[in-house]
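**Q** Below is the file final_3.cif, which contains mmCIF, C-alpha atoms.
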```cif
data_final
#
loop_
_atom_site.label_atom_id
_atom_site.label_comp_id
_atom_site.auth_asym_id
_atom_site.auth_seq_id
_atom_site.Cartn_x
_atom_site.Cartn_y
_atom_site.Cartn_z
CA MET A 1164 0.00 0.00 0.00
CA ASN A 1165 1.20 3.52 -0.79
CA ARG A 1166 2.05 5.18 2.53
CA ALA A 1167 2.37 8.68 1.08
CA THR A 1168 1.21 11.38 3.47
CA LEU A 1169 -1.75 13.56 2.47
CA SER A 1170 -1.52 17.13 3.85
CA LEU A 1171 -4.68 19.23 3.84
CA PRO A 1172 -5.79 22.61 5.22
CA ALA A 1173 -8.45 23.04 7.89
CA PRO A 1174 -9.42 26.66 7.29
CA ALA A 1175 -10.96 29.16 9.69
CA LYS A 1176 -14.45 30.54 9.19
CA LEU A 1177 -16.19 33.75 10.11
CA ASN A 1178 -19.82 34.28 11.03
CA LEU A 1179 -20.54 37.53 9.18
CA PHE A 1180 -23.58 37.91 11.45
CA LEU A 1181 -25.40 35.71 13.98
CA HIS A 1182 -29.08 36.04 14.89
CA ILE A 1183 -30.69 33.79 17.50
CA THR A 1184 -34.30 33.34 16.35
CA GLY A 1185 -35.62 30.79 18.84
CA ARG A 1186 -34.96 27.75 20.99
CA ARG A 1187 -36.08 24.17 20.45
CA ALA A 1188 -37.61 21.96 23.13
CA ASP A 1189 -34.32 20.03 23.34
CA GLY A 1190 -32.44 23.22 24.25
CA TYR A 1191 -30.72 23.76 20.91
CA HIS A 1192 -30.86 27.32 19.62
CA LEU A 1193 -32.33 28.24 16.25
CA LEU A 1194 -30.22 30.73 14.37
CA GLN A 1195 -29.43 32.51 11.16
CA THR A 1196 -25.86 33.16 10.11
CA LEU A 1197 -23.63 33.52 7.08
CA PHE A 1198 -20.44 31.46 7.00
CA GLN A 1199 -17.40 32.50 4.99
CA PHE A 1200 -14.00 30.80 4.96
CA LEU A 1201 -10.53 32.29 5.38
CA ASP A 1202 -7.31 31.30 3.62
CA HIS A 1203 -5.74 30.73 7.05
CA GLY A 1204 -6.04 27.76 9.36
CA ASP A 1205 -4.65 24.52 10.72
CA THR A 1206 -3.00 21.83 8.60
CA LEU A 1207 -3.55 18.08 9.01
CA HIS A 1208 -1.21 15.36 7.74
CA PHE A 1209 -2.68 11.88 7.16
CA THR A 1210 -0.54 8.78 6.63
CA PRO A 1211 -2.49 5.54 5.95
CA ARG A 1212 -1.99 2.43 8.08
CA GLU A 1213 -2.91 -1.12 7.12
CA ASP A 1214 -3.47 -2.32 10.71
CA GLY A 1215 -6.62 -0.27 11.30
CA GLN A 1216 -5.09 1.83 14.09
CA ILE A 1217 -5.97 5.52 14.22
CA ARG A 1218 -3.34 7.58 16.04
CA LEU A 1219 -3.21 11.33 16.58
CA LEU A 1220 0.49 12.07 17.03
CA THR A 1221 -0.03 15.66 18.21
CA GLU A 1222 -1.09 16.40 21.77
CA LEU A 1223 -3.69 19.11 22.36
CA PRO A 1224 -3.30 20.51 25.88
CA GLY A 1225 -6.53 20.42 27.85
CA VAL A 1226 -8.36 18.16 25.37
CA ALA A 1227 -9.06 14.60 26.50
CA THR A 1228 -8.45 11.93 23.88
CA GLU A 1229 -12.10 10.85 23.83
CA ASP A 1230 -13.23 14.46 23.33
CA ASN A 1231 -10.87 15.11 20.43
CA LEU A 1232 -12.94 15.81 17.32
CA ILE A 1233 -10.20 14.62 14.97
CA LEU A 1234 -10.14 11.15 16.53
CA ARG A 1235 -13.92 11.02 16.84
CA ALA A 1236 -14.32 11.94 13.15
CA ALA A 1237 -11.76 9.37 12.00
CA ARG A 1238 -13.25 6.56 14.08
CA ARG A 1239 -16.80 7.38 13.00
CA LEU A 1240 -15.81 7.32 9.33
CA GLN A 1241 -13.96 4.05 9.84
CA GLN A 1242 -17.00 2.54 11.58
CA VAL A 1243 -19.57 3.69 9.02
CA SER A 1244 -17.50 2.82 5.95
CA GLY A 1245 -16.31 -0.56 7.22
CA THR A 1246 -12.75 0.09 6.02
CA ARG A 1247 -9.92 -1.95 7.51
CA LEU A 1248 -7.48 0.90 7.06
CA GLY A 1249 -6.25 3.29 9.74
CA ALA A 1250 -4.12 6.42 9.82
CA ASP A 1251 -1.43 8.34 11.64
CA ILE A 1252 -2.50 11.97 11.94
CA VAL A 1253 -0.34 15.00 12.69
CA LEU A 1254 -1.91 18.40 13.40
CA ASP A 1255 -0.20 21.74 12.83
CA LYS A 1256 -2.33 23.93 15.11
CA ARG A 1257 -2.60 27.62 14.24
CA LEU A 1258 -6.21 28.50 15.09
CA PRO A 1259 -7.01 29.44 18.69
CA MET A 1260 -9.36 27.22 20.68
CA GLY A 1261 -12.52 28.94 21.88
CA GLY A 1262 -12.10 31.64 19.28
CA GLY A 1263 -15.33 31.24 17.33
CA ILE A 1264 -13.48 30.66 14.06
CA GLY A 1265 -14.21 26.95 13.86
CA GLY A 1266 -10.84 25.38 14.65
CA GLY A 1267 -12.11 22.08 16.10
CA SER A 1268 -15.02 21.82 13.66
CA SER A 1269 -12.76 22.50 10.69
CA ASP A 1270 -10.23 19.89 11.90
CA ALA A 1271 -13.05 17.34 12.15
CA ALA A 1272 -14.34 18.15 8.66
CA THR A 1273 -10.89 17.96 7.09
CA THR A 1274 -10.44 14.58 8.81
CA LEU A 1275 -13.71 13.28 7.33
CA VAL A 1276 -13.03 14.64 3.84
CA GLY A 1277 -9.33 13.77 3.87
CA LEU A 1278 -9.68 10.19 5.11
CA ASP A 1279 -12.65 9.57 2.79
CA HIS A 1280 -10.27 10.53 -0.02
CA LEU A 1281 -7.24 8.66 1.37
CA TRP A 1282 -9.13 5.46 2.25
CA GLN A 1283 -11.20 5.67 -0.97
CA THR A 1284 -14.37 5.06 1.04
CA ASP A 1285 -16.32 7.40 -1.29
CA LEU A 1286 -19.17 8.15 1.11
CA GLY A 1287 -20.09 11.32 -0.75
CA GLU A 1288 -20.69 14.85 0.49
CA ASP A 1289 -24.17 14.31 1.93
CA ARG A 1290 -23.20 11.33 4.09
CA LEU A 1291 -20.00 13.03 5.24
CA ALA A 1292 -21.99 16.15 6.18
CA ALA A 1293 -24.44 13.99 8.16
CA LEU A 1294 -21.52 12.40 10.03
CA GLY A 1295 -20.15 15.88 10.63
CA LEU A 1296 -23.43 17.03 12.17
CA GLU A 1297 -23.11 14.23 14.74
CA LEU A 1298 -19.84 15.86 15.83
CA GLY A 1299 -20.98 19.48 15.90
CA ALA A 1300 -23.34 21.98 14.27
CA ASP A 1301 -20.51 23.82 12.46
CA VAL A 1302 -18.88 20.73 10.93
CA PRO A 1303 -21.20 20.32 7.87
CA VAL A 1304 -20.37 23.73 6.36
CA PHE A 1305 -16.68 22.80 6.42
CA VAL A 1306 -17.46 19.41 4.85
CA ARG A 1307 -19.41 21.05 2.02
CA GLY A 1308 -16.82 23.77 1.56
CA ARG A 1309 -18.97 26.61 0.22
CA ALA A 1310 -19.83 29.93 1.84
CA ALA A 1311 -23.36 29.47 3.08
CA TRP A 1312 -26.45 31.06 4.53
CA ALA A 1313 -27.29 28.84 7.51
CA GLU A 1314 -30.51 28.30 9.46
CA GLY A 1315 -31.92 25.72 11.88
CA VAL A 1316 -29.17 24.92 14.38
CA GLY A 1317 -26.71 25.86 11.65
CA GLU A 1318 -27.12 22.69 9.57
CA GLN A 1319 -29.58 24.02 6.94
CA LEU A 1320 -27.11 25.40 4.41
CA THR A 1321 -27.73 27.39 1.24
CA PRO A 1322 -24.57 28.17 -0.79
CA VAL A 1323 -24.07 31.89 -1.42
CA GLU A 1324 -21.67 34.16 -3.27
CA VAL A 1325 -20.64 37.20 -1.26
CA ASP A 1326 -17.78 39.69 -1.46
CA GLU A 1327 -14.34 38.27 -0.61
CA PRO A 1328 -12.58 41.09 1.24
CA TRP A 1329 -9.44 40.88 3.31
CA TYR A 1330 -10.04 40.49 7.02
CA LEU A 1331 -8.06 41.50 10.05
CA VAL A 1332 -8.83 38.95 12.77
CA VAL A 1333 -7.89 39.81 16.35
CA VAL A 1334 -7.67 37.19 19.10
CA PRO A 1335 -8.36 38.59 22.60
CA PRO A 1336 -6.51 36.77 25.39
CA CYS A 1337 -9.39 34.62 26.60
CA HIS A 1338 -11.26 31.42 25.77
CA VAL A 1339 -15.05 31.66 25.41
CA SER A 1340 -17.28 28.71 26.27
CA THR A 1341 -20.08 28.49 23.69
CA ALA A 1342 -22.21 26.49 26.14
CA GLU A 1343 -21.92 29.26 28.74
CA ILE A 1344 -23.01 31.95 26.29
CA PHE A 1345 -25.98 29.97 24.98
CA SER A 1346 -27.15 29.20 28.51
CA ASP A 1347 -26.88 32.83 29.71
CA GLU A 1348 -30.29 34.23 30.66
CA ARG A 1349 -29.40 37.60 29.12
CA LEU A 1350 -29.08 36.14 25.60
CA THR A 1351 -31.73 37.43 23.19
CA ARG A 1352 -33.52 34.46 21.61
CA ASP A 1353 -36.38 36.06 19.67
CA THR A 1354 -34.78 37.96 16.80
CA THR A 1355 -37.13 38.14 13.82
CA PRO A 1356 -35.80 36.03 10.91
CA ILE A 1357 -34.46 37.96 7.91
CA THR A 1358 -33.78 37.10 4.28
CA LEU A 1359 -30.44 37.02 2.48
CA ALA A 1360 -31.59 40.03 0.43
CA ALA A 1361 -32.31 41.95 3.65
CA PHE A 1362 -28.88 41.06 5.00
CA ARG A 1363 -27.20 42.23 1.78
CA GLU A 1364 -29.03 45.56 2.06
CA HIS A 1365 -28.96 46.25 5.78
CA GLY A 1366 -26.41 43.84 7.29
CA GLY A 1367 -26.94 42.04 10.57
CA ARG A 1368 -25.61 41.87 14.11
CA ASN A 1369 -24.27 39.26 16.49
CA ASP A 1370 -26.88 38.56 19.17
CA CYS A 1371 -24.19 36.99 21.38
CA LEU A 1372 -22.05 40.13 21.52
CA PRO A 1373 -23.77 41.89 24.48
CA VAL A 1374 -23.54 38.76 26.62
CA VAL A 1375 -19.94 38.06 25.66
CA THR A 1376 -18.72 41.63 26.29
CA ALA A 1377 -20.51 41.65 29.66
CA ARG A 1378 -18.76 38.43 30.69
CA TYR A 1379 -15.34 39.05 29.16
CA PRO A 1380 -13.79 42.52 29.66
CA GLU A 1381 -10.83 41.49 27.46
CA ILE A 1382 -13.19 41.18 24.50
CA ARG A 1383 -15.03 44.40 25.33
CA ASN A 1384 -11.74 46.33 25.51
CA THR A 1385 -10.40 44.81 22.30
CA LEU A 1386 -13.67 45.64 20.53
CA ILE A 1387 -13.39 49.28 21.60
CA LEU A 1388 -9.82 49.38 20.30
CA LEU A 1389 -10.58 47.76 16.95
CA ASN A 1390 -13.60 50.01 16.39
CA LYS A 1391 -11.21 52.97 16.22
CA PHE A 1392 -9.92 51.60 12.90
CA CYS A 1393 -12.87 49.77 11.30
CA GLU A 1394 -16.35 48.41 11.90
CA ALA A 1395 -15.45 45.63 14.32
CA LYS A 1396 -17.56 42.50 14.61
CA MET A 1397 -17.40 39.27 16.61
CA THR A 1398 -17.53 35.83 15.00
CA GLY A 1399 -19.71 33.13 16.55
CA THR A 1400 -19.70 33.29 20.33
CA GLY A 1401 -16.20 34.78 20.25
CA SER A 1402 -13.57 35.43 21.26
CA CYS A 1403 -12.23 36.50 17.86
CA LEU A 1404 -13.10 39.92 16.46
CA PHE A 1405 -12.72 41.00 12.84
CA GLY A 1406 -12.91 43.89 10.43
CA ALA A 1407 -13.15 43.88 6.62
CA PHE A 1408 -10.77 45.76 4.30
CA PRO A 1409 -10.61 46.24 0.51
CA ASN A 1410 -7.06 44.87 0.26
CA GLU A 1411 -4.30 43.19 2.24
CA ARG A 1412 -2.27 46.37 2.59
CA GLU A 1413 -5.05 48.26 4.40
CA ALA A 1414 -5.61 45.35 6.79
CA ASP A 1415 -1.86 45.10 7.48
CA LYS A 1416 -1.66 48.82 8.24
CA VAL A 1417 -4.23 48.46 11.02
CA ARG A 1418 -2.60 45.30 12.36
CA ALA A 1419 0.68 47.21 12.64
CA ARG A 1420 -1.05 49.79 14.88
CA LEU A 1421 -2.35 47.22 17.36
CA PRO A 1422 -0.39 46.41 20.54
CA ALA A 1423 2.33 43.83 19.91
CA THR A 1424 0.91 41.79 22.81
CA LEU A 1425 -2.41 41.31 20.97
CA GLN A 1426 -2.51 38.26 18.69
CA ALA A 1427 -3.86 39.05 15.20
CA PHE A 1428 -3.65 37.84 11.61
CA VAL A 1429 -4.70 39.00 8.15
CA ALA A 1430 -6.48 36.60 5.78
CA LYS A 1431 -8.51 36.63 2.57
CA GLY A 1432 -12.20 35.80 2.65
CA CYS A 1433 -13.04 32.77 0.48
CA ASN A 1434 -16.38 31.54 -0.85
CA THR A 1435 -14.74 28.18 -1.65
CA SER A 1436 -12.93 26.49 1.22
CA PRO A 1437 -9.15 26.19 0.69
CA LEU A 1438 -9.59 22.47 1.46
CA HIS A 1439 -11.93 21.97 -1.47
CA ALA A 1440 -9.95 24.28 -3.75
CA LEU A 1441 -6.89 22.08 -3.16
CA LEU A 1442 -8.73 18.77 -3.62
CA ASN A 1443 -10.52 20.02 -6.75
CA LYS A 1444 -7.18 21.01 -8.21
CA ALA A 1445 -5.75 17.55 -7.44
CA THR A 1446 -8.58 15.64 -9.16
#
```
Step by step, read the file and then write its structure as structure tokens.
**A**
Amino acid sequence: MNRATLSLPAPAKLNLFLHITGRRADGYHLLQTLFQFLDHGDTLHFTPREDGQIRLLTELPGVATEDNLILRAARRLQQVSGTRLGADIVLDKRLPMGGGIGGGSSDAATTLVGLDHLWQTDLGEDRLAALGLELGADVPVFVRGRAAWAEGVGEQLTPVEVDEPWYLVVVPPCHVSTAEIFSDERLTRDTTPITLAAFREHGGRNDCLPVVTARYPEIRNTLILLNKFCEAKMTGTGSCLFGAFPNEREADKVRARLPATLQAFVAKGCNTSPLHALLNKAT
């Protein structure tokens, strides 16, 4: 068997807005959001094994093995497909955990898509997206790899074409628990649903922002700072904040004016995930 290693990106995403429109009986929140990818993220390296073992050779501090989405995704794909193959997996981690830019979800999706390709299990996009949903509400959009208008709990996806600006993404020095934000009594859960056309014309907000800034002064202070240079927004439940710019140079100019102690990066918005752009080029 060819033991060549397959290296694939696990890109970040931004929620360009996030409205909470209701809550289901099971506690899950109903929402509307627009996902767009960034050409910046983690990288995963997959080397096939014939003995069926799945090993993650990179330790993630604070993440128990059984909670690791990469291992859970690989084992679920192995189980569903019936393959006898395994893999050694190495993760180059660049995306912050608890940042609202989809690091863990993107890693899981790249694992599903990458191992489906490597093991030649050929489950197809719909089945892989369904497996992804078992792992987390944000995983399917990464599996499908197209910027999307999302509803339901985030799994009802409609591909969209939107502008692809450059973004400055700032990472405040804190980790936000999504579960804590969604369980906060102050969270607004009755925003009236809007249409894509209405969003294009009027924009949208992030309903989680007031709760997050009340709980995390680091995010509130960073938001105030970033708003001096651009219209600052928060992605997901945070902690990452972002602003859009017409080109890389303008985004870099603002990054250079931020405190050196504040983690930040500049990336291009993408309507096609870098993962899918690479795989499409290879086939």
**Q** Applying the PyMOL selection byres ((chain A and resi 1346-1358) around 12) to the file I just gave you, which residues come out? Please list them as a PyMOL selection string.
**A** chain A and resi 1180-1187+1190-1197+1312-1315+1321+1340-1345+1359-1378+1400
**Q** In Å, with one decimal, what is the gap from atom CA of A:Glu1381 to atom CA of A:Gln1426?
**A**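 Separation of atom CA of A:Glu1381 and atom CA of A:Gln1426: 12.5 Å.
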**Q** Which residues match the PyMOL selection byres ((chain A and resi 1329) around 9) in the file above, as a ChimeraX atom specification?
**A** /A:1201,1327-1328,1330-1331,1406-1411,1413-1414,1429-1432
**Q** What does the PyMOL selection byres ((chain A and resi 1177) around 9) select in this file, as a PyMOL selection string?
**A** chain A and resi 1175-1176+1178-1180+1197-1201+1263-1265+1397-1399+1405+1432
**Q** Have a look at atom CA of A:Glu1288 and atom CA of A:Leu1254 and let me know their distance in Å, one decimal.
**A**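 Rounded to one decimal, the two atoms are 23.1 Å apart.
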**Q** Can you tell me how far atom CA of A:Glu1324 sits from atom CA of A:Ala1311, in Å to one decimal?
**A** 8.1 Å
**Q** Please determine, counting all atoms listed in the file, which residue among A:Asn1434, A:Leu1389, A:Leu1320, A:Val1276 has the shortest atom-to-atom distance to A:Arg1420.
**A** A:Leu1389
**Q** Can you work out which one of A:Val1306, A:Val1316, A:Val1334, A:Ala1292 has the shortest atom-to-atom distance to A:Pro1174, counting all atoms listed in the file?
**A**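 Looking at the shortest contact to A:Pro1174, the residue is A:Val1306.
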**Q** Between stretch 1265-1312 of chain A and stretch 1222-1235 of chain A, at 8 Å or less, what are the per-residue closest atom pairs and their distances in Å? Count only C-alpha atoms, order by chain and rising residue number, and return it as JSON lines.
**A**
```
{"residue": "A:Gly1267", "atom": "CA", "partner": "A:Leu1232", "partner_atom": "CA", "distance": 6.4}
{"residue": "A:Ser1268", "atom": "CA", "partner": "A:Leu1232", "partner_atom": "CA", "distance": 7.3}
{"residue": "A:Asp1270", "atom": "CA", "partner": "A:Ile1233", "partner_atom": "CA", "distance": 6.1}
{"residue": "A:Ala1271", "atom": "CA", "partner": "A:Ile1233", "partner_atom": "CA", "distance": 4.8}
{"residue": "A:Thr1274", "atom": "CA", "partner": "A:Ile1233", "partner_atom": "CA", "distance": 6.2}
{"residue": "A:Leu1298", "atom": "CA", "partner": "A:Leu1232", "partner_atom": "CA", "distance": 7.1}
```
**Q** With all atoms listed in the file as the basis for distance, which of A:Asp1251, A:Asp1202, A:Glu1213, A:Asp1189 is at the shortest distance from A:Ser1436?
**A** A:Asp1202
**Q** For stretch 1237-1248 of chain A, list every protein, DNA or RNA residue within 10 Å, evaluated using only C-alpha atoms, and leave out those in the same chain fewer than 6 positions away; present the list as an MDAnalysis selection string.
**A** chainID A and resid 1211:1219 1271:1279 1281:1286 1290:1291 1294:1295 1297:1298
**Q** Using all atoms listed in the file for the distances, tell me which of A:Arg1166, A:Glu1318, A:Pro1422, A:Gly1299 is nearest to A:Gly1249.
**A**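 Distance minimum relative to A:Gly1249 lands on A:Arg1166.
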**Q** Since the input has fewer atoms than a full residue there, write stretch 1292-1326 of chain A out with N, CA and C atoms, as a PDB file, in the frame of the given file.
**A**
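Heads up, here's the output in selection36.pdb:
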```pdb
ATOM      1  N   ALA A1292     -21.398  15.020   5.452  1.00  0.00           N
ATOM      2  CA  ALA A1292     -21.990  16.150   6.180  1.00  0.00           C
ATOM      3  C   ALA A1292     -22.868  15.649   7.324  1.00  0.00           C
ATOM      4  N   ALA A1293     -23.599  14.563   7.102  1.00  0.00           N
ATOM      5  CA  ALA A1293     -24.440  13.990   8.160  1.00  0.00           C
ATOM      6  C   ALA A1293     -23.568  13.471   9.313  1.00  0.00           C
ATOM      7  N   LEU A1294     -22.447  12.832   8.983  1.00  0.00           N
ATOM      8  CA  LEU A1294     -21.520  12.400  10.030  1.00  0.00           C
ATOM      9  C   LEU A1294     -20.970  13.606  10.773  1.00  0.00           C
ATOM     10  N   GLY A1295     -20.675  14.669  10.021  1.00  0.00           N
ATOM     11  CA  GLY A1295     -20.150  15.880  10.630  1.00  0.00           C
ATOM     12  C   GLY A1295     -21.124  16.487  11.618  1.00  0.00           C
ATOM     13  N   LEU A1296     -22.408  16.459  11.288  1.00  0.00           N
ATOM     14  CA  LEU A1296     -23.430  17.030  12.170  1.00  0.00           C
ATOM     15  C   LEU A1296     -23.485  16.291  13.502  1.00  0.00           C
ATOM     16  N   GLU A1297     -23.161  14.985  13.491  1.00  0.00           N
ATOM     17  CA  GLU A1297     -23.110  14.230  14.740  1.00  0.00           C
ATOM     18  C   GLU A1297     -22.012  14.779  15.674  1.00  0.00           C
ATOM     19  N   LEU A1298     -20.995  15.368  15.067  1.00  0.00           N
ATOM     20  CA  LEU A1298     -19.840  15.860  15.830  1.00  0.00           C
ATOM     21  C   LEU A1298     -20.010  17.301  16.283  1.00  0.00           C
ATOM     22  N   GLY A1299     -20.787  18.082  15.541  1.00  0.00           N
ATOM     23  CA  GLY A1299     -20.980  19.480  15.900  1.00  0.00           C
ATOM     24  C   GLY A1299     -21.721  20.228  14.809  1.00  0.00           C
ATOM     25  N   ALA A1300     -22.476  21.264  15.206  1.00  0.00           N
ATOM     26  CA  ALA A1300     -23.340  21.980  14.270  1.00  0.00           C
ATOM     27  C   ALA A1300     -22.565  22.710  13.177  1.00  0.00           C
ATOM     28  N   ASP A1301     -21.297  23.084  13.450  1.00  0.00           N
ATOM     29  CA  ASP A1301     -20.510  23.820  12.460  1.00  0.00           C
ATOM     30  C   ASP A1301     -19.744  22.915  11.498  1.00  0.00           C
ATOM     31  N   VAL A1302     -19.705  21.615  11.759  1.00  0.00           N
ATOM     32  CA  VAL A1302     -18.880  20.730  10.930  1.00  0.00           C
ATOM     33  C   VAL A1302     -19.402  20.616   9.485  1.00  0.00           C
ATOM     34  N   PRO A1303     -20.735  20.508   9.257  1.00  0.00           N
ATOM     35  CA  PRO A1303     -21.200  20.320   7.870  1.00  0.00           C
ATOM     36  C   PRO A1303     -20.781  21.411   6.892  1.00  0.00           C
ATOM     37  N   VAL A1304     -20.742  22.673   7.315  1.00  0.00           N
ATOM     38  CA  VAL A1304     -20.370  23.730   6.360  1.00  0.00           C
ATOM     39  C   VAL A1304     -18.922  23.552   5.910  1.00  0.00           C
ATOM     40  N   PHE A1305     -18.064  23.067   6.801  1.00  0.00           N
ATOM     41  CA  PHE A1305     -16.680  22.800   6.420  1.00  0.00           C
ATOM     42  C   PHE A1305     -16.594  21.586   5.487  1.00  0.00           C
ATOM     43  N   VAL A1306     -17.435  20.590   5.723  1.00  0.00           N
ATOM     44  CA  VAL A1306     -17.460  19.410   4.850  1.00  0.00           C
ATOM     45  C   VAL A1306     -17.888  19.810   3.436  1.00  0.00           C
ATOM     46  N   ARG A1307     -18.889  20.663   3.342  1.00  0.00           N
ATOM     47  CA  ARG A1307     -19.410  21.050   2.020  1.00  0.00           C
ATOM     48  C   ARG A1307     -18.519  22.077   1.329  1.00  0.00           C
ATOM     49  N   GLY A1308     -17.862  22.927   2.111  1.00  0.00           N
ATOM     50  CA  GLY A1308     -16.820  23.770   1.560  1.00  0.00           C
ATOM     51  C   GLY A1308     -17.263  24.967   0.737  1.00  0.00           C
ATOM     52  N   ARG A1309     -18.499  25.426   0.939  1.00  0.00           N
ATOM     53  CA  ARG A1309     -18.970  26.610   0.220  1.00  0.00           C
ATOM     54  C   ARG A1309     -19.549  27.612   1.204  1.00  0.00           C
ATOM     55  N   ALA A1310     -19.231  28.893   1.006  1.00  0.00           N
ATOM     56  CA  ALA A1310     -19.830  29.930   1.840  1.00  0.00           C
ATOM     57  C   ALA A1310     -21.335  29.723   1.836  1.00  0.00           C
ATOM     58  N   ALA A1311     -21.964  29.895   2.993  1.00  0.00           N
ATOM     59  CA  ALA A1311     -23.360  29.470   3.080  1.00  0.00           C
ATOM     60  C   ALA A1311     -24.162  30.326   4.050  1.00  0.00           C
ATOM     61  N   TRP A1312     -25.408  30.527   3.661  1.00  0.00           N
ATOM     62  CA  TRP A1312     -26.450  31.060   4.530  1.00  0.00           C
ATOM     63  C   TRP A1312     -26.966  29.876   5.340  1.00  0.00           C
ATOM     64  N   ALA A1313     -26.954  29.986   6.668  1.00  0.00           N
ATOM     65  CA  ALA A1313     -27.290  28.840   7.510  1.00  0.00           C
ATOM     66  C   ALA A1313     -28.472  29.164   8.407  1.00  0.00           C
ATOM     67  N   GLU A1314     -29.351  28.173   8.576  1.00  0.00           N
ATOM     68  CA  GLU A1314     -30.510  28.300   9.460  1.00  0.00           C
ATOM     69  C   GLU A1314     -30.651  27.001  10.252  1.00  0.00           C
ATOM     70  N   GLY A1315     -31.768  26.872  10.984  1.00  0.00           N
ATOM     71  CA  GLY A1315     -31.920  25.720  11.880  1.00  0.00           C
ATOM     72  C   GLY A1315     -30.962  25.875  13.041  1.00  0.00           C
ATOM     73  N   VAL A1316     -30.223  24.809  13.370  1.00  0.00           N
ATOM     74  CA  VAL A1316     -29.170  24.920  14.380  1.00  0.00           C
ATOM     75  C   VAL A1316     -27.826  25.194  13.708  1.00  0.00           C
ATOM     76  N   GLY A1317     -27.894  25.563  12.427  1.00  0.00           N
ATOM     77  CA  GLY A1317     -26.710  25.860  11.650  1.00  0.00           C
ATOM     78  C   GLY A1317     -26.437  24.819  10.579  1.00  0.00           C
ATOM     79  N   GLU A1318     -27.343  23.809  10.506  1.00  0.00           N
ATOM     80  CA  GLU A1318     -27.120  22.690   9.570  1.00  0.00           C
ATOM     81  C   GLU A1318     -27.872  22.852   8.247  1.00  0.00           C
ATOM     82  N   GLN A1319     -28.830  23.790   8.190  1.00  0.00           N
ATOM     83  CA  GLN A1319     -29.580  24.020   6.940  1.00  0.00           C
ATOM     84  C   GLN A1319     -28.817  25.045   6.125  1.00  0.00           C
ATOM     85  N   LEU A1320     -28.088  24.573   5.117  1.00  0.00           N
ATOM     86  CA  LEU A1320     -27.110  25.400   4.410  1.00  0.00           C
ATOM     87  C   LEU A1320     -27.555  25.692   2.984  1.00  0.00           C
ATOM     88  N   THR A1321     -27.481  26.963   2.612  1.00  0.00           N
ATOM     89  CA  THR A1321     -27.730  27.390   1.240  1.00  0.00           C
ATOM     90  C   THR A1321     -26.475  28.090   0.727  1.00  0.00           C
ATOM     91  N   PRO A1322     -25.783  27.532  -0.288  1.00  0.00           N
ATOM     92  CA  PRO A1322     -24.570  28.170  -0.790  1.00  0.00           C
ATOM     93  C   PRO A1322     -24.843  29.598  -1.278  1.00  0.00           C
ATOM     94  N   VAL A1323     -23.928  30.504  -0.990  1.00  0.00           N
ATOM     95  CA  VAL A1323     -24.070  31.890  -1.420  1.00  0.00           C
ATOM     96  C   VAL A1323     -22.744  32.403  -1.976  1.00  0.00           C
ATOM     97  N   GLU A1324     -22.851  33.431  -2.797  1.00  0.00           N
ATOM     98  CA  GLU A1324     -21.670  34.160  -3.270  1.00  0.00           C
ATOM     99  C   GLU A1324     -21.736  35.547  -2.644  1.00  0.00           C
ATOM    100  N   VAL A1325     -20.723  35.879  -1.871  1.00  0.00           N
ATOM    101  CA  VAL A1325     -20.640  37.200  -1.260  1.00  0.00           C
ATOM    102  C   VAL A1325     -19.262  37.784  -1.557  1.00  0.00           C
ATOM    103  N   ASP A1326     -19.083  39.066  -1.243  1.00  0.00           N
ATOM    104  CA  ASP A1326     -17.780  39.690  -1.460  1.00  0.00           C
ATOM    105  C   ASP A1326     -16.697  38.921  -0.707  1.00  0.00           C
TER     106      ASP A1326
END
```
